[in-house]
>>> print(open('structure.cif').read())   # mmCIF, C-alpha atoms
data_input
loop_
_atom_site.label_atom_id
_atom_site.label_comp_id
_atom_site.auth_asym_id
_atom_site.auth_seq_id
_atom_site.Cartn_x
_atom_site.Cartn_y
_atom_site.Cartn_z
CA MET A 13 148.42 120.53 189.11
CA GLN A 14 150.29 118.02 186.97
CA SER A 15 147.02 116.61 185.64
CA LYS A 16 145.86 120.10 184.75
CA LYS A 17 149.03 120.70 182.70
CA LEU A 18 148.55 117.41 180.89
CA PHE A 19 144.97 118.36 180.11
CA VAL A 20 146.02 121.76 178.71
CA PHE A 21 148.80 120.12 176.65
CA ALA A 22 146.38 117.57 175.24
CA ALA A 23 143.90 120.29 174.36
CA LEU A 24 146.61 122.22 172.51
CA LEU A 25 147.52 119.11 170.53
CA ILE A 26 143.90 118.66 169.48
CA VAL A 27 143.55 122.29 168.39
CA ALA A 28 146.87 122.12 166.50
CA SER A 29 145.82 118.95 164.70
CA MET A 30 142.53 120.59 163.71
CA LEU A 31 144.32 123.64 162.33
CA LEU A 32 146.81 121.51 160.41
CA GLY A 33 143.97 119.45 159.02
CA ALA A 34 142.17 122.58 157.95
CA CYS A 35 145.27 123.75 156.11
CA GLN A 36 145.57 120.55 154.07
CA PRO A 37 144.44 120.90 150.45
CA ALA A 38 140.96 119.58 149.84
CA ALA A 39 140.78 116.20 148.19
CA ALA A 40 140.19 116.50 144.46
CA PRO A 41 136.58 115.63 143.61
CA VAL A 42 136.14 112.44 141.65
CA GLU A 43 135.06 113.39 138.16
CA GLN A 44 131.79 111.73 137.27
CA VAL A 45 131.86 110.45 133.70
CA ALA A 46 128.40 110.56 132.19
CA GLU A 47 127.25 107.22 130.90
CA LYS A 48 127.12 107.13 127.12
CA LYS A 49 123.56 106.95 125.80
CA VAL A 50 123.47 104.37 123.02
CA LEU A 51 120.43 103.26 121.04
CA LYS A 52 120.39 100.14 118.86
CA LEU A 53 117.62 99.71 116.31
CA ASN A 54 116.77 97.74 113.20
CA MET A 55 116.37 99.49 109.84
CA GLY A 56 114.92 96.45 108.10
CA PRO A 57 116.39 94.12 105.48
CA GLY A 58 118.63 95.47 102.74
CA ASP A 59 121.19 98.22 102.56
CA ILE A 60 120.43 101.94 102.73
CA PRO A 61 120.45 102.99 99.05
CA THR A 62 122.31 106.29 99.50
CA LEU A 63 123.20 109.17 101.81
CA ASP A 64 123.37 111.61 98.90
CA PRO A 65 120.54 114.18 99.23
CA SER A 66 120.41 114.63 95.46
CA LEU A 67 119.86 110.92 94.85
CA ALA A 68 117.72 109.78 97.80
CA THR A 69 114.21 108.53 97.00
CA ASP A 70 113.36 106.27 99.96
CA THR A 71 112.52 106.62 103.64
CA SER A 72 115.60 104.76 104.91
CA SER A 73 117.99 107.10 103.11
CA ASN A 74 116.04 110.18 104.13
CA GLN A 75 115.85 109.12 107.77
CA ILE A 76 119.63 109.30 107.95
CA ILE A 77 119.98 112.37 105.71
CA GLU A 78 117.58 114.36 107.91
CA LEU A 79 119.70 113.53 110.97
CA ILE A 80 123.05 114.54 109.48
CA THR A 81 121.90 117.57 107.44
CA VAL A 82 119.27 120.28 107.81
CA GLY A 83 117.32 122.14 105.13
CA LEU A 84 116.53 125.83 104.95
CA THR A 85 113.16 125.07 106.54
CA ARG A 86 111.77 122.20 108.58
CA GLN A 87 108.25 120.81 108.84
CA ASN A 88 107.02 120.18 112.37
CA GLU A 89 106.14 116.49 112.64
CA VAL A 90 103.18 117.18 114.93
CA THR A 91 101.68 120.47 113.77
CA THR A 92 102.94 120.27 110.12
CA GLU A 93 103.85 123.95 110.42
CA VAL A 94 106.94 125.16 108.55
CA GLU A 95 109.69 126.11 111.00
CA PRO A 96 113.25 127.44 110.70
CA GLY A 97 115.93 124.99 109.64
CA LEU A 98 119.28 126.49 108.66
CA ALA A 99 117.36 129.65 107.85
CA THR A 100 116.55 131.72 110.91
CA SER A 101 114.04 133.88 109.03
CA TRP A 102 112.74 134.67 105.56
CA THR A 103 110.87 137.36 103.65
CA LEU A 104 108.53 137.11 100.67
CA SER A 105 108.30 139.52 97.75
CA ASP A 106 105.05 141.36 97.04
CA ASP A 107 104.28 139.11 94.06
CA GLY A 108 104.63 136.00 96.25
CA LEU A 109 107.35 134.48 94.04
CA THR A 110 110.71 135.30 95.65
CA TYR A 111 111.79 134.11 99.08
CA THR A 112 114.90 135.55 100.72
CA PHE A 113 116.31 133.34 103.48
CA THR A 114 118.71 134.48 106.21
CA LEU A 115 120.93 131.63 107.43
CA ARG A 116 122.64 130.78 110.70
CA GLU A 117 126.35 131.57 110.62
CA ASP A 118 127.49 129.28 113.43
CA VAL A 119 127.12 125.82 111.82
CA PRO A 120 130.36 124.13 110.70
CA TRP A 121 130.92 121.18 108.40
CA VAL A 122 132.04 118.20 110.49
CA LYS A 123 133.25 114.64 110.09
CA TYR A 124 133.95 111.69 112.35
CA ASP A 125 137.67 111.15 112.98
CA ALA A 126 138.32 107.44 113.52
CA VAL A 127 141.79 108.10 114.98
CA SER A 128 140.60 110.34 117.83
CA GLY A 129 137.18 108.70 118.04
CA GLU A 130 135.54 112.14 117.97
CA VAL A 131 133.56 114.37 115.65
CA VAL A 132 135.80 117.20 114.43
CA GLN A 133 135.30 120.35 112.39
CA VAL A 134 136.35 120.31 108.75
CA LEU A 135 139.03 122.92 108.04
CA ASP A 136 139.51 125.04 104.93
CA CYS A 137 142.78 125.70 103.09
CA GLU A 138 143.75 128.37 105.66
CA GLY A 139 143.11 126.05 108.61
CA ASN A 140 139.82 127.66 109.62
CA PRO A 141 136.56 125.77 110.22
CA ARG A 142 134.45 125.50 107.09
CA MET A 143 131.05 126.98 107.90
CA VAL A 144 127.85 126.06 106.06
CA THR A 145 127.04 128.98 103.76
CA ALA A 146 124.43 130.15 101.29
CA GLN A 147 126.71 128.98 98.49
CA ASP A 148 126.52 125.41 99.84
CA HIS A 149 122.72 125.49 99.58
CA VAL A 150 122.77 126.92 96.07
CA TYR A 151 125.32 124.31 95.02
CA GLY A 152 123.11 121.56 96.44
CA MET A 153 120.05 122.69 94.48
CA LEU A 154 121.94 123.15 91.22
CA ARG A 155 123.65 119.78 91.68
CA THR A 156 120.24 118.14 92.07
CA LEU A 157 118.96 119.89 88.93
CA ASN A 158 122.08 119.10 86.89
CA PRO A 159 120.97 116.48 84.33
CA GLU A 160 124.30 114.69 84.79
CA THR A 161 123.38 113.98 88.43
CA ALA A 162 120.32 112.03 87.23
CA SER A 163 118.31 112.83 90.35
CA ASP A 164 114.91 111.13 90.41
CA TYR A 165 113.50 113.90 92.61
CA ALA A 166 114.98 116.78 90.59
CA TYR A 167 111.53 117.24 89.07
CA VAL A 168 110.34 118.85 92.33
CA LEU A 169 112.84 121.70 91.99
CA ALA A 170 112.44 121.68 88.20
CA PHE A 171 108.72 122.45 88.21
CA ALA A 172 108.93 124.83 91.17
CA LEU A 173 112.00 127.01 90.56
CA LYS A 174 112.07 129.53 87.76
CA GLY A 175 114.45 128.21 85.09
CA GLY A 176 114.77 124.85 86.82
CA ALA A 177 112.96 122.85 84.15
CA ASP A 178 115.10 124.16 81.28
CA TYR A 179 118.35 123.39 83.10
CA ASN A 180 117.24 119.96 84.26
CA ALA A 181 115.99 119.00 80.81
CA GLY A 182 119.25 120.03 79.16
CA THR A 183 117.41 122.46 76.91
CA LEU A 184 119.61 123.49 73.98
CA VAL A 185 120.48 127.12 73.26
CA ASP A 186 122.13 128.87 70.35
CA VAL A 187 125.73 129.49 71.43
CA ALA A 188 125.88 132.66 69.34
CA THR A 189 122.74 134.29 70.74
CA GLY A 190 122.06 132.38 73.98
CA GLU A 191 118.44 131.91 72.91
CA VAL A 192 116.55 128.65 73.34
CA ILE A 193 116.44 126.62 70.12
CA ALA A 194 112.83 125.98 69.17
CA ASP A 195 113.55 123.04 66.88
CA PRO A 196 116.93 121.37 67.61
CA GLU A 197 116.51 118.91 64.73
CA THR A 198 116.52 121.61 62.07
CA PHE A 199 118.94 124.00 63.80
CA GLU A 200 122.19 124.40 61.86
CA GLY A 201 124.31 126.57 64.16
CA GLU A 202 126.36 125.66 67.23
CA SER A 203 124.24 124.55 70.19
CA ALA A 204 124.91 123.75 73.84
CA PRO A 205 122.83 122.72 76.86
CA ILE A 206 121.50 125.65 78.84
CA GLY A 207 123.61 126.43 81.93
CA PRO A 208 122.77 126.62 85.64
CA GLU A 209 122.74 130.42 85.51
CA VAL A 210 119.14 130.30 84.24
CA VAL A 211 117.94 128.84 87.55
CA ALA A 212 116.57 131.58 89.79
CA VAL A 213 118.43 130.60 92.94
CA LYS A 214 121.43 132.57 94.15
CA ALA A 215 123.62 133.34 97.14
CA VAL A 216 123.29 137.05 97.80
CA ASP A 217 126.11 136.71 100.34
CA ASN A 218 127.42 134.00 102.70
CA LYS A 219 124.26 134.03 104.82
CA THR A 220 121.50 134.89 102.32
CA VAL A 221 119.78 132.61 99.80
CA GLU A 222 117.29 133.93 97.28
CA MET A 223 114.86 131.57 95.51
CA THR A 224 112.34 132.62 92.85
CA PHE A 225 109.47 130.24 92.11
CA ASN A 226 107.29 129.88 89.04
CA GLU A 227 104.07 130.31 90.99
CA ALA A 228 103.02 131.72 94.35
CA ALA A 229 102.15 128.59 96.32
CA VAL A 230 101.89 127.68 100.00
CA PHE A 231 104.13 124.65 99.49
CA ASN A 232 107.13 126.64 98.23
CA LEU A 233 108.54 126.91 101.76
CA ASN A 234 108.30 123.13 102.10
CA ILE A 235 110.15 122.64 98.83
CA ALA A 236 112.92 124.95 100.04
CA GLY A 237 113.47 122.58 102.98
CA MET A 238 113.36 119.27 101.07
CA TRP A 239 116.40 117.01 101.15
CA VAL A 240 117.17 117.65 97.47
CA ALA A 241 117.68 121.32 98.36
CA HIS A 242 119.97 120.74 101.36
CA ALA A 243 123.46 122.23 101.53
CA MET A 244 126.04 119.95 99.92
CA PRO A 245 129.86 120.12 100.19
CA GLN A 246 131.28 121.11 96.81
CA PHE A 247 134.78 121.07 98.30
CA GLN A 248 134.38 117.38 99.20
CA ILE A 249 132.55 116.27 96.07
CA GLU A 250 134.49 118.18 93.42
CA GLY A 251 137.57 119.19 95.42
CA ASP A 252 139.37 122.51 95.85
CA ASP A 253 142.94 123.79 96.35
CA CYS A 254 143.52 121.66 99.45
CA THR A 255 140.91 118.89 99.19
CA GLU A 256 140.82 116.01 96.75
CA GLY A 257 137.35 115.58 95.28
CA LYS A 258 135.72 112.32 96.37
CA GLY A 259 133.01 112.27 93.69
CA ASN A 260 130.29 109.74 94.49
CA ARG A 261 132.41 108.34 97.35
CA TRP A 262 131.78 111.43 99.48
CA ILE A 263 128.91 109.68 101.28
CA GLU A 264 131.07 106.77 102.49
CA THR A 265 132.67 106.14 105.89
CA GLY A 266 135.72 108.34 106.35
CA PHE A 267 134.71 110.70 103.51
CA ASN A 268 131.28 111.91 104.56
CA VAL A 269 131.01 115.46 105.87
CA SER A 270 127.79 116.83 107.34
CA TYR A 271 126.43 119.48 109.69
CA GLY A 272 123.23 118.25 111.39
CA PRO A 273 122.62 116.98 114.95
CA TYR A 274 124.44 113.73 114.08
CA ALA A 275 127.47 112.69 112.03
CA LEU A 276 128.22 109.43 110.23
CA LYS A 277 130.55 107.22 112.24
CA GLU A 278 130.44 104.01 110.24
CA TRP A 279 128.46 102.49 107.41
CA VAL A 280 129.10 98.81 106.73
CA HIS A 281 126.98 98.14 103.68
CA ASP A 282 124.22 95.53 104.05
CA SER A 283 125.11 95.14 107.74
CA TYR A 284 124.72 98.29 109.88
CA ILE A 285 125.10 102.06 110.04
CA THR A 286 126.12 104.11 113.08
CA LEU A 287 125.64 107.83 113.75
CA VAL A 288 127.18 109.80 116.61
CA LYS A 289 126.15 113.06 118.22
CA ASN A 290 127.59 116.16 116.58
CA PRO A 291 128.86 118.39 119.44
CA PHE A 292 129.15 121.34 117.06
CA TRP A 293 125.45 121.48 116.17
CA PRO A 294 124.28 124.57 118.13
CA GLY A 295 120.68 123.42 118.45
CA GLN A 296 117.38 125.30 118.19
CA ASP A 297 113.74 124.67 119.04
CA SER A 298 112.93 123.07 115.68
CA VAL A 299 116.17 121.03 115.53
CA PRO A 300 117.45 120.53 119.10
CA VAL A 301 120.81 119.20 120.23
CA ALA A 302 120.89 115.39 120.13
CA LYS A 303 120.08 113.62 123.41
CA ILE A 304 121.35 110.20 122.30
CA ASP A 305 125.13 109.91 121.93
CA GLU A 306 125.17 107.08 119.41
CA ILE A 307 122.58 105.29 117.27
CA THR A 308 123.13 102.06 115.35
CA TRP A 309 120.69 100.52 112.89
CA LEU A 310 121.07 96.88 111.90
CA MET A 311 119.73 95.70 108.55
CA LEU A 312 117.83 92.52 109.38
CA ASP A 313 114.53 90.83 108.60
CA ASP A 314 111.96 90.87 111.40
CA ALA A 315 112.70 87.32 112.65
CA PRO A 316 116.48 87.69 113.20
CA ALA A 317 115.95 91.23 114.50
CA PHE A 318 113.52 89.97 117.13
CA ALA A 319 116.02 87.28 118.11
CA GLU A 320 118.57 90.07 118.63
CA TYR A 321 116.02 91.89 120.79
CA GLU A 322 115.44 88.84 122.97
CA ALA A 323 119.21 88.45 123.31
CA GLY A 324 119.45 92.04 124.53
CA ASN A 325 121.44 93.26 121.52
CA ILE A 326 118.95 95.82 120.18
CA ASP A 327 116.45 98.06 121.96
CA ILE A 328 113.41 97.94 119.67
CA ALA A 329 112.15 95.33 117.24
CA ARG A 330 108.96 94.37 115.46
CA VAL A 331 107.33 91.17 116.60
CA PRO A 332 107.04 88.63 113.76
CA GLN A 333 103.49 87.43 113.32
CA ALA A 334 104.59 83.85 114.04
CA ASP A 335 105.82 84.92 117.51
CA MET A 336 102.88 87.11 118.50
CA ASP A 337 101.00 84.49 120.54
CA ARG A 338 104.17 83.49 122.40
CA VAL A 339 104.97 87.14 123.17
CA LYS A 340 101.46 87.83 124.48
CA ALA A 341 101.67 84.77 126.75
CA ASP A 342 105.09 85.68 128.14
CA PRO A 343 104.82 87.85 131.30
CA THR A 344 108.00 89.80 130.50
CA LEU A 345 107.63 90.22 126.74
CA SER A 346 103.92 91.02 126.96
CA ALA A 347 104.72 93.91 129.33
CA GLU A 348 107.17 95.29 126.73
CA LEU A 349 104.81 94.82 123.79
CA LEU A 350 103.36 97.95 122.19
CA ILE A 351 100.66 97.62 119.55
CA ALA A 352 100.01 100.91 117.79
CA PRO A 353 98.86 102.20 114.39
CA ARG A 354 101.53 102.92 111.80
CA SER A 355 101.19 105.30 108.86
CA VAL A 356 101.78 103.94 105.39
CA HIS A 357 101.55 105.33 101.85
CA LEU A 358 99.43 103.46 99.33
CA LEU A 359 99.28 104.27 95.63
CA LEU A 360 96.11 103.14 93.86
CA ARG A 361 95.76 103.11 90.09
CA LEU A 362 92.11 103.07 89.07
CA GLN A 363 90.67 102.44 85.62
CA HIS A 364 87.19 103.51 84.70
CA HIS A 365 85.50 101.31 82.11
CA ARG A 366 82.51 102.75 80.32
CA SER A 367 79.77 100.46 79.36
CA VAL A 368 78.64 100.90 75.80
CA CYS A 369 74.96 100.47 75.13
CA GLY A 370 74.23 99.67 71.53
#
>>> encode(input="structure.cif", output="structure tokens")
Amino acid sequence: MQSKKLFVFAALLIVASMLLGACQPAAAPVEQVAEKKVLKLNMGPGDIPTLDPSLATDTSSNQIIELITVGLTRQNEVTTEVEPGLATSWTLSDDGLTYTFTLREDVPWVKYDAVSGEVVQVLDCEGNPRMVTAQDHVYGMLRTLNPETASDYAYVLAFALKGGADYNAGTLVDVATGEVIADPETFEGESAPIGPEVVAVKAVDNKTVEMTFNEAAVFNLNIAGMWVAHAMPQFQIEGDDCTEGKGNRWIETGFNVSYGPYALKEWVHDSYITLVKNPFWPGQDSVPVAKIDEITWLMLDDAPAFAEYEAGNIDIARVPQADMDRVKADPTLSAELLIAPRSVHLLLRLQHHRSVCG
């Protein structure tokens, strides 16, 4: 009988301990921190000339510009079809000259904050996020065409947009009548360069851009998406009531503002440039959300860049011709070697000489 009581008592203790255990709060799950995806590349020798869309003329500059900004349209790299960029849709007038673009309204201007180590939204004078608007695109195009900007690629917008050539050339007008002066050398009245109002590009409202071209052409949509026509931050370049204008310094570390899938983290001239993922880019099929958290490009010749690759400091590098045989003979390096065609642009100037028979 005694043993039976002990058994019952022990059973009750077990049940009680199970109930008490069940009542204990569950252990907090350990938060899994995703590993940061970092890519290290080599841009090639020499500094990136500029991050200013109005002034860029080279592939290195444009590679970065296309990652931190987005045009109205975007050309698919595989199909070459024109796809939406900042514009979600567009319509074309019956005469084929005027495009009306409808823009996304959920894309803010951002910058990298070195203090917090994060990409943050740029705020306006009322403390609200500054969104990319139609006015930013119009400002960008007119800034490119402004003769004072001295943009080498302004000619693209100048020949394409109605009124663009006159504004870009600084065509003189009669101040009294506003008419173009046919012969400036003999004109005796007061003259002034023609203003940007002659260019047929305007912001209908915050989300609508209207562009009128000189001719109906299939490439007009491509021109609308070129880097020289990207949105540019007038508030950062020229300043406003709460922002000091940075002028040409707006592209530098700490001053640059952008809105694409990536933002500028650091640019050490002649050494390296680093971009970080922009968490405020909403993403779309033609311009998806970034999958790599941080990308750094070094600025090295092929030989030192390949040495960095062998040391494990960068992820991709060209193999110098002098090292090719060694790489092919190495079991590890040969397995990592990829030989593939690479597209290049060649300009050929030909002269035709006629033979004269006498």
>>> resolve_selection(input="structure.cif", expression="the PyMOL selection byres ((chain A and resi 97-107) around 8)", output="number ranges by chain")
A: 82-86, 95-96, 108-116, 228, 237, 298-299
>>> resolve_selection(input="structure.cif", expression="the PyMOL selection byres ((chain A and resi 292) around 8)", output="list in words")
Val119, Pro120, Val122, Gln133, Asn290, Pro291, Trp293 and Pro294 of chain A
>>> resolve_selection(input="structure.cif", expression="the PyMOL selection byres ((chain A and resi 76) around 12)", output="count of residues only")
37
>>> closest_residue(input="structure.cif", among="A:Pro141, A:Pro159, A:Pro316, A:Gly259", to="Asp118 (chain A)", atoms="all atoms listed in the file")
A:Pro141
>>> atom_distance(input="structure.cif", atom1="CA of Val269 (chain A)", atom2="CA of Ser163 (chain A)")
20.2 Å
>>> closest_atom_pairs(input="structure.cif", of="region 119-224 of chain A", to="region 246-258 of chain A", cutoff="8 Å", atoms="all atoms listed in the file", output="Markdown table")
| residue | atom | partner | partner_atom | distance |
| --- | --- | --- | --- | --- |
| A:Asp136 | CA | A:Cys254 | CA | 7.6 |
| A:Cys137 | CA | A:Cys254 | CA | 5.5 |
| A:Asp148 | CA | A:Gln246 | CA | 7.1 |
| A:Tyr151 | CA | A:Gln246 | CA | 7.0 |
>>> closest_residue(input="structure.cif", among="A:Asp195, A:Glu200, A:Glu160, A:Glu320", to="Tyr179 (chain A)", atoms="all atoms listed in the file")
A:Glu160
>>> atom_distance(input="structure.cif", atom1="CA of Ala126 (chain A)", atom2="CA of Trp262 (chain A)")
16.0 Å
>>> atom_distance(input="structure.cif", atom1="CA of Glu117 (chain A)", atom2="CA of Thr265 (chain A)")
26.6 Å
>>> closest_residue(input="structure.cif", among="A:Asn180, A:Asn140, A:Thr69, A:Thr189", to="Thr161 (chain A)", atoms="all atoms listed in the file")
A:Asn180
>>> closest_residue(input="structure.cif", among="A:Leu349, A:Gly139, A:Glu191, A:Glu306", to="Phe318 (chain A)", atoms="all atoms listed in the file")
A:Leu349
>>> closest_residue(input="structure.cif", among="A:Arg354, A:Ile304, A:Phe231, A:Ala319", to="Glu93 (chain A)", atoms="only C-alpha atoms")
A:Phe231
